[in-house]
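Quick look at final28.pdb (PDB, C-alpha atoms):
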```pdb
ATOM      1  CA  MET S   1      70.732 145.480 120.697
ATOM      2  CA  GLN S   2      74.411 144.648 120.589
ATOM      3  CA  THR S   3      75.158 147.184 123.333
ATOM      4  CA  GLU S   4      72.921 145.162 125.678
ATOM      5  CA  SER S   5      74.227 141.731 124.711
ATOM      6  CA  SER S   6      76.310 139.690 127.130
ATOM      7  CA  SER S   7      79.994 140.466 127.552
ATOM      8  CA  HIS S   8      82.538 138.165 125.905
ATOM      9  CA  HIS S   9      84.449 138.210 129.197
ATOM     10  CA  ARG S  10      83.334 136.005 132.084
ATOM     11  CA  HIS S  11      83.840 135.775 135.845
ATOM     12  CA  LEU S  12      85.250 139.282 136.038
ATOM     13  CA  GLU S  13      85.211 139.258 139.840
ATOM     14  CA  GLU S  14      87.858 136.513 139.778
ATOM     15  CA  LEU S  15      90.362 138.447 137.643
ATOM     16  CA  ASP S  16      93.376 140.405 138.872
ATOM     17  CA  PHE S  17      93.871 144.059 137.961
ATOM     18  CA  LEU S  18      96.224 143.380 135.048
ATOM     19  CA  SER S  19      93.733 140.969 133.473
ATOM     20  CA  LEU S  20      90.894 143.449 133.954
ATOM     21  CA  VAL S  21      92.862 146.299 132.400
ATOM     22  CA  GLN S  22      93.955 144.147 129.459
ATOM     23  CA  GLY S  23      90.390 142.972 128.863
ATOM     24  CA  ILE S  24      89.009 146.507 128.838
ATOM     25  CA  ASN S  25      91.796 147.626 126.515
ATOM     26  CA  GLN S  26      91.114 144.665 124.226
ATOM     27  CA  GLU S  27      87.531 145.844 123.776
ATOM     28  CA  ASP S  28      88.523 149.487 123.309
ATOM     29  CA  ALA S  29      90.977 148.472 120.573
ATOM     30  CA  LEU S  30      88.021 147.446 118.387
ATOM     31  CA  LEU S  31      86.676 150.985 118.209
ATOM     32  CA  HIS S  32      89.110 152.577 115.764
ATOM     33  CA  GLN S  33      87.985 150.507 112.789
ATOM     34  CA  ARG S  34      84.333 150.595 113.778
ATOM     35  CA  VAL S  35      84.317 154.378 113.929
ATOM     36  CA  ALA S  36      86.315 154.496 110.674
ATOM     37  CA  SER S  37      83.628 152.432 108.948
ATOM     38  CA  GLU S  38      81.173 155.281 109.622
ATOM     39  CA  ALA S  39      83.472 157.992 108.232
ATOM     40  CA  SER S  40      81.201 158.860 105.297
ATOM     41  CA  HIS S  41      78.187 159.310 107.579
ATOM     42  CA  ILE S  42      80.230 161.348 110.066
ATOM     43  CA  ALA S  43      81.428 163.584 107.230
ATOM     44  CA  ALA S  44      77.847 164.016 106.003
ATOM     45  CA  LEU S  45      76.762 165.017 109.510
ATOM     46  CA  CYS S  46      79.661 167.482 109.684
ATOM     47  CA  ALA S  47      78.493 169.027 106.408
ATOM     48  CA  LEU S  48      74.954 169.376 107.751
ATOM     49  CA  VAL S  49      76.151 171.041 110.959
ATOM     50  CA  PHE S  50      78.500 173.328 109.023
ATOM     51  CA  SER S  51      75.704 174.504 106.746
ATOM     52  CA  ARG S  52      73.585 175.551 109.719
ATOM     53  CA  LEU S  53      76.341 177.189 111.760
ATOM     54  CA  GLN S  54      77.756 179.015 108.759
ATOM     55  CA  ALA S  55      74.319 180.528 108.147
ATOM     56  CA  GLY S  56      74.039 181.721 111.757
ATOM     57  CA  GLY S  57      72.257 178.749 113.299
ATOM     58  CA  ARG S  58      73.169 176.707 116.343
ATOM     59  CA  LEU S  59      74.092 173.113 117.113
ATOM     60  CA  PHE S  60      72.144 171.329 119.833
ATOM     61  CA  TYR S  61      73.253 168.022 121.350
ATOM     62  CA  MET S  62      70.716 166.127 123.391
ATOM     63  CA  GLY S  63      70.825 162.834 125.230
ATOM     64  CA  ALA S  64      70.248 161.051 128.518
ATOM     65  CA  GLY S  65      72.790 159.788 131.046
ATOM     66  CA  THR S  66      76.280 159.289 129.651
ATOM     67  CA  SER S  67      75.146 160.349 126.178
ATOM     68  CA  GLY S  68      73.796 163.638 127.498
ATOM     69  CA  ARG S  69      76.915 164.294 129.549
ATOM     70  CA  LEU S  70      79.176 163.689 126.559
ATOM     71  CA  GLY S  71      77.198 166.184 124.504
ATOM     72  CA  ILE S  72      77.510 168.766 127.270
ATOM     73  CA  VAL S  73      81.268 168.182 127.522
ATOM     74  CA  ASP S  74      81.748 168.665 123.795
ATOM     75  CA  ALA S  75      79.528 171.752 123.705
ATOM     76  CA  SER S  76      81.174 173.358 126.737
ATOM     77  CA  GLU S  77      84.635 173.033 125.232
ATOM     78  CA  CYS S  78      83.839 174.850 121.976
ATOM     79  CA  PRO S  79      83.890 178.431 123.348
ATOM     80  CA  PRO S  80      87.300 178.257 125.072
ATOM     81  CA  THR S  81      88.846 176.240 122.253
ATOM     82  CA  TYR S  82      87.479 178.134 119.262
ATOM     83  CA  GLY S  83      86.254 181.439 120.663
ATOM     84  CA  VAL S  84      82.641 180.903 119.605
ATOM     85  CA  PRO S  85      79.749 182.275 121.717
ATOM     86  CA  PHE S  86      78.514 180.045 124.538
ATOM     87  CA  ASP S  87      75.117 179.706 122.844
ATOM     88  CA  LYS S  88      76.527 178.454 119.525
ATOM     89  CA  VAL S  89      76.843 174.810 120.599
ATOM     90  CA  ILE S  90      74.432 173.755 123.341
ATOM     91  CA  GLY S  91      74.246 170.474 125.246
ATOM     92  CA  ILE S  92      70.952 169.348 126.784
ATOM     93  CA  ILE S  93      70.528 166.375 129.120
ATOM     94  CA  ALA S  94      67.327 164.574 130.151
ATOM     95  CA  GLY S  95      66.443 165.660 133.673
ATOM     96  CA  GLY S  96      68.092 169.068 133.393
ATOM     97  CA  ASP S  97      71.494 170.274 134.539
ATOM     98  CA  GLY S  98      71.142 168.449 137.853
ATOM     99  CA  ALA S  99      71.360 165.183 135.906
ATOM    100  CA  ILE S 100      74.925 166.006 134.906
ATOM    101  CA  ARG S 101      76.062 164.876 138.367
ATOM    102  CA  LYS S 102      73.164 162.786 139.629
ATOM    103  CA  ALA S 103      70.886 160.512 137.614
ATOM    104  CA  VAL S 104      67.247 161.609 137.417
ATOM    105  CA  GLU S 105      64.957 158.582 137.479
ATOM    106  CA  PHE S 106      62.907 157.917 134.344
ATOM    107  CA  ALA S 107      63.859 161.281 132.749
ATOM    108  CA  GLU S 108      64.947 159.515 129.573
ATOM    109  CA  ASP S 109      61.546 157.824 129.213
ATOM    110  CA  ASP S 110      59.580 161.073 128.685
ATOM    111  CA  GLU S 111      58.986 161.340 124.943
ATOM    112  CA  GLU S 112      57.525 164.853 125.172
ATOM    113  CA  GLN S 113      60.072 166.559 127.409
ATOM    114  CA  GLY S 114      62.938 166.574 124.901
ATOM    115  CA  PHE S 115      61.307 169.038 122.536
ATOM    116  CA  ARG S 116      60.042 171.146 125.431
ATOM    117  CA  ASP S 117      63.655 171.485 126.548
ATOM    118  CA  LEU S 118      64.624 172.581 123.035
ATOM    119  CA  GLU S 119      61.784 175.095 122.927
ATOM    120  CA  ALA S 120      63.237 176.774 126.018
ATOM    121  CA  TYR S 121      66.150 177.789 123.777
ATOM    122  CA  GLY S 122      63.898 178.958 120.952
ATOM    123  CA  VAL S 123      65.024 176.186 118.592
ATOM    124  CA  ASN S 124      64.136 176.966 114.977
ATOM    125  CA  THR S 125      64.749 175.954 111.360
ATOM    126  CA  GLN S 126      68.145 177.681 111.299
ATOM    127  CA  ASP S 127      69.447 175.188 113.864
ATOM    128  CA  VAL S 128      70.488 171.538 113.794
ATOM    129  CA  VAL S 129      69.733 169.054 116.569
ATOM    130  CA  ILE S 130      71.873 165.940 117.100
ATOM    131  CA  GLY S 131      70.444 163.220 119.296
ATOM    132  CA  ILE S 132      72.924 161.005 121.135
ATOM    133  CA  ALA S 133      71.848 157.583 122.373
ATOM    134  CA  ALA S 134      73.976 154.459 122.721
ATOM    135  CA  SER S 135      70.854 152.312 122.350
ATOM    136  CA  GLY S 136      69.367 154.380 119.547
ATOM    137  CA  ARG S 137      65.928 154.156 121.113
ATOM    138  CA  THR S 138      65.837 156.628 124.047
ATOM    139  CA  PRO S 139      62.302 158.123 124.107
ATOM    140  CA  TYR S 140      63.495 161.561 125.309
ATOM    141  CA  VAL S 141      65.733 161.831 122.256
ATOM    142  CA  ILE S 142      63.502 160.072 119.715
ATOM    143  CA  GLY S 143      60.517 162.243 120.620
ATOM    144  CA  ALA S 144      62.513 165.453 120.295
ATOM    145  CA  LEU S 145      63.979 164.522 116.911
ATOM    146  CA  LYS S 146      60.596 163.444 115.584
ATOM    147  CA  LYS S 147      59.092 166.795 116.549
ATOM    148  CA  CYS S 148      62.058 168.617 115.024
ATOM    149  CA  GLN S 149      61.484 166.874 111.712
ATOM    150  CA  GLU S 150      57.825 167.855 111.802
ATOM    151  CA  MET S 151      58.922 171.464 112.349
ATOM    152  CA  GLY S 152      61.474 171.367 109.503
ATOM    153  CA  ILE S 153      64.492 171.472 111.813
ATOM    154  CA  ALA S 154      67.577 169.552 110.633
ATOM    155  CA  THR S 155      68.365 166.440 112.671
ATOM    156  CA  GLY S 156      71.287 164.111 113.182
ATOM    157  CA  GLY S 157      72.031 161.136 115.374
ATOM    158  CA  VAL S 158      74.978 159.375 116.996
ATOM    159  CA  VAL S 159      74.181 155.841 118.160
ATOM    160  CA  CYS S 160      76.035 152.610 118.908
ATOM    161  CA  ASN S 161      73.719 150.025 117.343
ATOM    162  CA  LYS S 162      72.848 149.294 113.730
ATOM    163  CA  GLY S 163      69.281 149.583 112.475
ATOM    164  CA  SER S 164      68.140 151.741 115.374
ATOM    165  CA  LYS S 165      64.950 153.798 115.652
ATOM    166  CA  MET S 166      67.076 156.944 115.403
ATOM    167  CA  VAL S 167      67.527 156.396 111.670
ATOM    168  CA  GLU S 168      63.827 157.087 111.144
ATOM    169  CA  VAL S 169      63.993 160.546 112.737
ATOM    170  CA  CYS S 170      67.405 161.756 111.501
ATOM    171  CA  ASP S 171      68.500 163.428 108.288
ATOM    172  CA  VAL S 172      71.931 161.888 108.917
ATOM    173  CA  CYS S 173      72.540 159.128 111.440
ATOM    174  CA  VAL S 174      75.940 157.803 112.516
ATOM    175  CA  GLU S 175      75.660 154.208 113.745
ATOM    176  CA  VAL S 176      78.885 152.878 115.256
ATOM    177  CA  GLU S 177      78.283 149.245 116.174
ATOM    178  CA  THR S 178      80.394 149.035 119.312
ATOM    179  CA  GLY S 179      79.157 145.580 120.314
ATOM    180  CA  PRO S 180      78.975 144.038 123.798
ATOM    181  CA  GLU S 181      80.574 145.953 126.644
ATOM    182  CA  PHE S 182      83.278 144.532 128.904
ATOM    183  CA  VAL S 183      80.733 144.790 131.725
ATOM    184  CA  THR S 184      77.425 143.803 130.160
ATOM    185  CA  GLY S 185      75.306 146.848 129.324
ATOM    186  CA  SER S 186      77.750 149.415 130.743
ATOM    187  CA  THR S 187      77.577 151.758 127.767
ATOM    188  CA  ARG S 188      79.626 154.434 129.519
ATOM    189  CA  MET S 189      82.567 152.276 128.394
ATOM    190  CA  LYS S 190      83.031 151.381 124.702
ATOM    191  CA  ALA S 191      79.880 153.133 123.532
ATOM    192  CA  GLY S 192      80.823 156.251 125.487
ATOM    193  CA  THR S 193      84.348 156.247 124.083
ATOM    194  CA  ALA S 194      83.123 155.815 120.510
ATOM    195  CA  THR S 195      80.567 158.574 120.987
ATOM    196  CA  LYS S 196      83.245 160.964 122.273
ATOM    197  CA  MET S 197      85.379 160.147 119.238
ATOM    198  CA  VAL S 198      82.533 161.011 116.874
ATOM    199  CA  LEU S 199      81.628 164.241 118.673
ATOM    200  CA  ASN S 200      85.297 165.298 118.572
ATOM    201  CA  MET S 201      85.273 164.767 114.818
ATOM    202  CA  ILE S 202      82.085 166.755 114.306
ATOM    203  CA  THR S 203      82.915 169.927 116.216
ATOM    204  CA  THR S 204      86.620 169.915 115.351
ATOM    205  CA  SER S 205      85.976 169.509 111.615
ATOM    206  CA  VAL S 206      83.200 172.104 111.595
ATOM    207  CA  MET S 207      85.194 174.664 113.578
ATOM    208  CA  ILE S 208      88.152 174.223 111.228
ATOM    209  CA  ARG S 209      85.930 174.840 108.205
ATOM    210  CA  LEU S 210      84.377 177.870 109.929
ATOM    211  CA  GLY S 211      87.851 179.413 110.082
ATOM    212  CA  HIS S 212      88.700 179.069 113.747
ATOM    213  CA  VAL S 213      91.908 177.147 112.958
ATOM    214  CA  LYS S 214      94.768 178.370 110.787
ATOM    215  CA  ASP S 215      97.277 175.761 109.648
ATOM    216  CA  ASN S 216      96.890 173.607 112.772
ATOM    217  CA  LYS S 217      96.567 176.356 115.387
ATOM    218  CA  MET S 218      93.545 177.426 117.480
ATOM    219  CA  ILE S 219      93.782 181.109 116.595
ATOM    220  CA  ASP S 220      90.542 182.089 118.361
ATOM    221  CA  MET S 221      91.069 180.232 121.646
ATOM    222  CA  GLN S 222      90.253 182.094 124.847
ATOM    223  CA  LEU S 223      93.221 183.162 126.955
ATOM    224  CA  THR S 224      91.858 181.827 130.219
ATOM    225  CA  ASN S 225      95.038 180.602 131.938
ATOM    226  CA  HIS S 226      98.817 180.925 131.883
ATOM    227  CA  LYS S 227      99.257 177.810 129.749
ATOM    228  CA  LEU S 228      96.996 179.175 127.011
ATOM    229  CA  ILE S 229      98.634 182.601 127.164
ATOM    230  CA  ALA S 230     102.022 180.927 126.696
ATOM    231  CA  ARG S 231     100.655 178.857 123.806
ATOM    232  CA  GLY S 232      99.136 181.944 122.207
ATOM    233  CA  THR S 233     102.362 183.899 122.646
ATOM    234  CA  ASN S 234     104.294 181.175 120.830
ATOM    235  CA  MET S 235     101.740 181.243 118.018
ATOM    236  CA  VAL S 236     102.095 185.010 117.639
ATOM    237  CA  MET S 237     105.891 184.705 117.692
ATOM    238  CA  GLU S 238     105.760 182.018 115.011
ATOM    239  CA  ALA S 239     103.419 184.033 112.773
ATOM    240  CA  THR S 240     105.181 187.381 113.127
ATOM    241  CA  GLY S 241     108.789 186.647 113.997
ATOM    242  CA  LEU S 242     108.490 188.940 117.015
ATOM    243  CA  PRO S 243     110.343 188.148 120.253
ATOM    244  CA  GLU S 244     108.356 187.062 123.298
ATOM    245  CA  SER S 245     108.801 190.459 124.922
ATOM    246  CA  GLU S 246     106.755 192.017 122.084
ATOM    247  CA  ALA S 247     104.476 189.114 121.164
ATOM    248  CA  LYS S 248     102.978 188.562 124.616
ATOM    249  CA  PRO S 249     101.901 192.186 125.228
ATOM    250  CA  ARG S 250     100.364 192.287 121.757
ATOM    251  CA  LEU S 251      98.461 189.087 122.431
ATOM    252  CA  LEU S 252      97.115 190.277 125.779
ATOM    253  CA  ALA S 253      96.089 193.639 124.364
ATOM    254  CA  ALA S 254      94.356 192.100 121.347
ATOM    255  CA  GLY S 255      92.686 189.272 123.258
ATOM    256  CA  SER S 256      93.302 186.548 120.671
ATOM    257  CA  VAL S 257      96.014 185.205 118.401
ATOM    258  CA  ARG S 258      93.991 186.106 115.306
ATOM    259  CA  LYS S 259      93.568 189.748 116.320
ATOM    260  CA  ALA S 260      97.172 190.127 117.439
ATOM    261  CA  VAL S 261      98.529 188.783 114.161
ATOM    262  CA  ASP S 262      96.033 190.757 112.051
ATOM    263  CA  GLN S 263      96.994 193.975 113.833
ATOM    264  CA  TRP S 264     100.669 193.274 113.266
ATOM    265  CA  LEU S 265     100.069 192.545 109.579
ATOM    266  CA  SER S 266      98.113 195.763 109.125
ATOM    267  CA  GLU S 267     101.052 197.689 110.606
ATOM    268  CA  GLN S 268     103.389 196.123 108.062
ATOM    269  CA  SER S 269     101.302 197.175 105.058
TER     270      SER S 269
END
```
With the file now loaded, output its structure as structure tokens.
Amino acid sequence: MQTESSSHHRHLEELDFLSLVQGINQEDALLHQRVASEASHIAALCALVFSRLQAGGRLFYMGAGTSGRLGIVDASECPPTYGVPFDKVIGIIAGGDGAIRKAVEFAEDDEEQGFRDLEAYGVNTQDVVIGIAASGRTPYVIGALKKCQEMGIATGGVVCNKGSKMVEVCDVCVEVETGPEFVTGSTRMKAGTATKMVLNMITTSVMIRLGHVKDNKMIDMQLTNHKLIARGTNMVMEATGLPESEAKPRLLAAGSVRKAVDQWLSEQS
């Protein structure tokens, strides 16, 4: 596996901070084109996820370690950003929620536990399950996806090696070949960054197509702090031409930009 191959950079302990930073940045700079080369597969995975969510299903991310944490981050940000229910996009990590902060030994090696964790959420054929694994061979993820396929549940994968085992258990598999890490085998680095890029593309594209963005604005975002209320107020002002003194009360009363603007439009008709 390329992600486990030896770093191109040597004697790191002898380098000063500027050299270390430049070396890490040099490796990260390779990712743009490598993710771009998987654009067609990423788009196909987006289409698969969209088809399930549009029909009322859910998106599950599952992974171990960094991969699991990245899935949880992406899932947890969908409700406040797009106003979707908290059970629409779900992140699952090997070892349970405690593994988000502290590694659980050998959790990723249990090939049976992954699907058991999915069953706890009542996973079914309306849903889609995306496995995330830098190596592309994590037993926890592979076992879950294999069982999903047997049950007729749609599957996808995001990995950082070519020709991985994940391909065999995925309807659509994104394989970004990130290559050797700056620190050999530390896949929280380039592989983690590439994975985050892909997950951003998936949920952002799908949520746009589901109608949670108008023009380039998050019209269903939750108003959970002063910054977001100010952003929402500006969006209402832009859409309606109302002054802030009228736009902000309307926004707060309606609870979202979409509802505030729709109410204003209905009053104009």
Shortest interatomic distance to S:Leu20 - which of S:Val159, S:Ile90, S:Leu228, S:Val183, counting all atoms listed in the file: S:Val183
Residue IDs satisfying the PyMOL selection byres ((chain S and resi 46) around 12), as an MDAnalysis selection string: chainID S and resid 39:45 47:54 59 128 130 155:158 171:174 198:210
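Relative to atom CA of S:Ser67, atom CA of S:Arg34 is found at 18.3 Å.
Shortest atom-to-atom contact with S:Tyr61 among S:Ser76, S:Ser186, S:Gln22, S:Gln2: S:Ser76, counting all atoms listed in the file.
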Evaluate the PyMOL selection byres ((chain S and resi 75) around 12) here and jot the selected residues down as a compact mmCIF listing (two decimals) with C-alpha atoms, in the frame of the given file.
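Contents of expr.txt, as written:
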```
# COMPACT_ATOMS: atom_id res chain seq x y z
CA ARG S 58 73.17 176.71 116.34
CA LEU S 59 74.09 173.11 117.11
CA PHE S 60 72.14 171.33 119.83
CA TYR S 61 73.25 168.02 121.35
CA MET S 62 70.72 166.13 123.39
CA GLY S 68 73.80 163.64 127.50
CA ARG S 69 76.92 164.29 129.55
CA LEU S 70 79.18 163.69 126.56
CA GLY S 71 77.20 166.18 124.50
CA ILE S 72 77.51 168.77 127.27
CA VAL S 73 81.27 168.18 127.52
CA ASP S 74 81.75 168.66 123.80
CA SER S 76 81.17 173.36 126.74
CA GLU S 77 84.64 173.03 125.23
CA CYS S 78 83.84 174.85 121.98
CA PRO S 79 83.89 178.43 123.35
CA PRO S 80 87.30 178.26 125.07
CA THR S 81 88.85 176.24 122.25
CA TYR S 82 87.48 178.13 119.26
CA VAL S 84 82.64 180.90 119.60
CA PRO S 85 79.75 182.28 121.72
CA PHE S 86 78.51 180.04 124.54
CA ASP S 87 75.12 179.71 122.84
CA LYS S 88 76.53 178.45 119.52
CA VAL S 89 76.84 174.81 120.60
CA ILE S 90 74.43 173.76 123.34
CA GLY S 91 74.25 170.47 125.25
CA ILE S 92 70.95 169.35 126.78
CA ILE S 93 70.53 166.38 129.12
CA ILE S 130 71.87 165.94 117.10
CA LYS S 196 83.24 160.96 122.27
CA LEU S 199 81.63 164.24 118.67
CA ASN S 200 85.30 165.30 118.57
CA ILE S 202 82.08 166.76 114.31
CA THR S 203 82.92 169.93 116.22
CA THR S 204 86.62 169.92 115.35
CA MET S 207 85.19 174.66 113.58
```
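Distance-wise, atom CA of S:Phe182 and atom CA of S:Ile100 end up 23.8 Å apart.
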Atomic separation - atom CA of S:Thr3 relative to atom CA of S:Gly179, Å: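 So the answer is 5.3 Å.
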Taking the file as shown, what set of residues would the PyMOL selection byres ((chain S and resi 229) around 12) give back, as a CSV table (one decimal) with C-alpha atoms, keeping the file's coordinate frame?
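The file below, selection.csv, is the result:
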```csv
chain,number,residue,atom,x,y,z
S,219,ILE,CA,93.8,181.1,116.6
S,220,ASP,CA,90.5,182.1,118.4
S,221,MET,CA,91.1,180.2,121.6
S,222,GLN,CA,90.3,182.1,124.8
S,223,LEU,CA,93.2,183.2,127.0
S,224,THR,CA,91.9,181.8,130.2
S,225,ASN,CA,95.0,180.6,131.9
S,226,HIS,CA,98.8,180.9,131.9
S,227,LYS,CA,99.3,177.8,129.7
S,228,LEU,CA,97.0,179.2,127.0
S,230,ALA,CA,102.0,180.9,126.7
S,231,ARG,CA,100.7,178.9,123.8
S,232,GLY,CA,99.1,181.9,122.2
S,233,THR,CA,102.4,183.9,122.6
S,234,ASN,CA,104.3,181.2,120.8
S,235,MET,CA,101.7,181.2,118.0
S,236,VAL,CA,102.1,185.0,117.6
S,244,GLU,CA,108.4,187.1,123.3
S,247,ALA,CA,104.5,189.1,121.2
S,248,LYS,CA,103.0,188.6,124.6
S,249,PRO,CA,101.9,192.2,125.2
S,250,ARG,CA,100.4,192.3,121.8
S,251,LEU,CA,98.5,189.1,122.4
S,252,LEU,CA,97.1,190.3,125.8
S,253,ALA,CA,96.1,193.6,124.4
S,254,ALA,CA,94.4,192.1,121.3
S,255,GLY,CA,92.7,189.3,123.3
S,256,SER,CA,93.3,186.5,120.7
S,257,VAL,CA,96.0,185.2,118.4
```
Given only C-alpha atoms as the counted atoms, nearest of S:Asp28, S:Asp215, S:Glu175, S:Glu112 to S:Cys148: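 Closest to S:Cys148 of all the choices is S:Glu112.
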Shortest interatomic distance to S:Glu181 - which of S:Ser245, S:Tyr140, S:Ala134, S:Gln33, counting all atoms listed in the file: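 Once distances to S:Glu181 are computed over all atoms listed in the file, the minimum belongs to S:Ala134.
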Selected residue of minimal separation from S:Val104 among S:Gln126, S:Leu118, S:Leu265, S:Gly65, counting all atoms listed in the file: S:Gly65
Given only C-alpha atoms as the counted atoms, nearest of S:Ile132, S:Ala36, S:Ala144, S:Met1 to S:Asp110: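 Between S:Ile132, S:Ala36, S:Ala144, S:Met1, the residue approaching S:Asp110 most closely is S:Ala144.
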Given 5 Å on each side, where is the centre and what are the edge lengths in Å to one decimal of the axis-aligned box enclosing the listed atoms of stretch 33-39 of chain S, as lines of an AutoDock Vina configuration file?
```
center_x = 84.6
center_y = 154.2
center_z = 111.1
size_x = 16.8
size_y = 17.5
size_z = 15.7
```
Sel. within 12 Å of pt (60.5, 165.3, 114.7), counting all atoms listed in the file, output as a PyMOL selection string: chain S and resi 111-112+114-115+118+125+128-131+139-156+166-171
Distance query S:Ser6 at most 7 Å, only C-alpha atoms, self and fewer than 2 positions along chain excluded, as a VMD selection string: chain S and resid 4 8 180 184
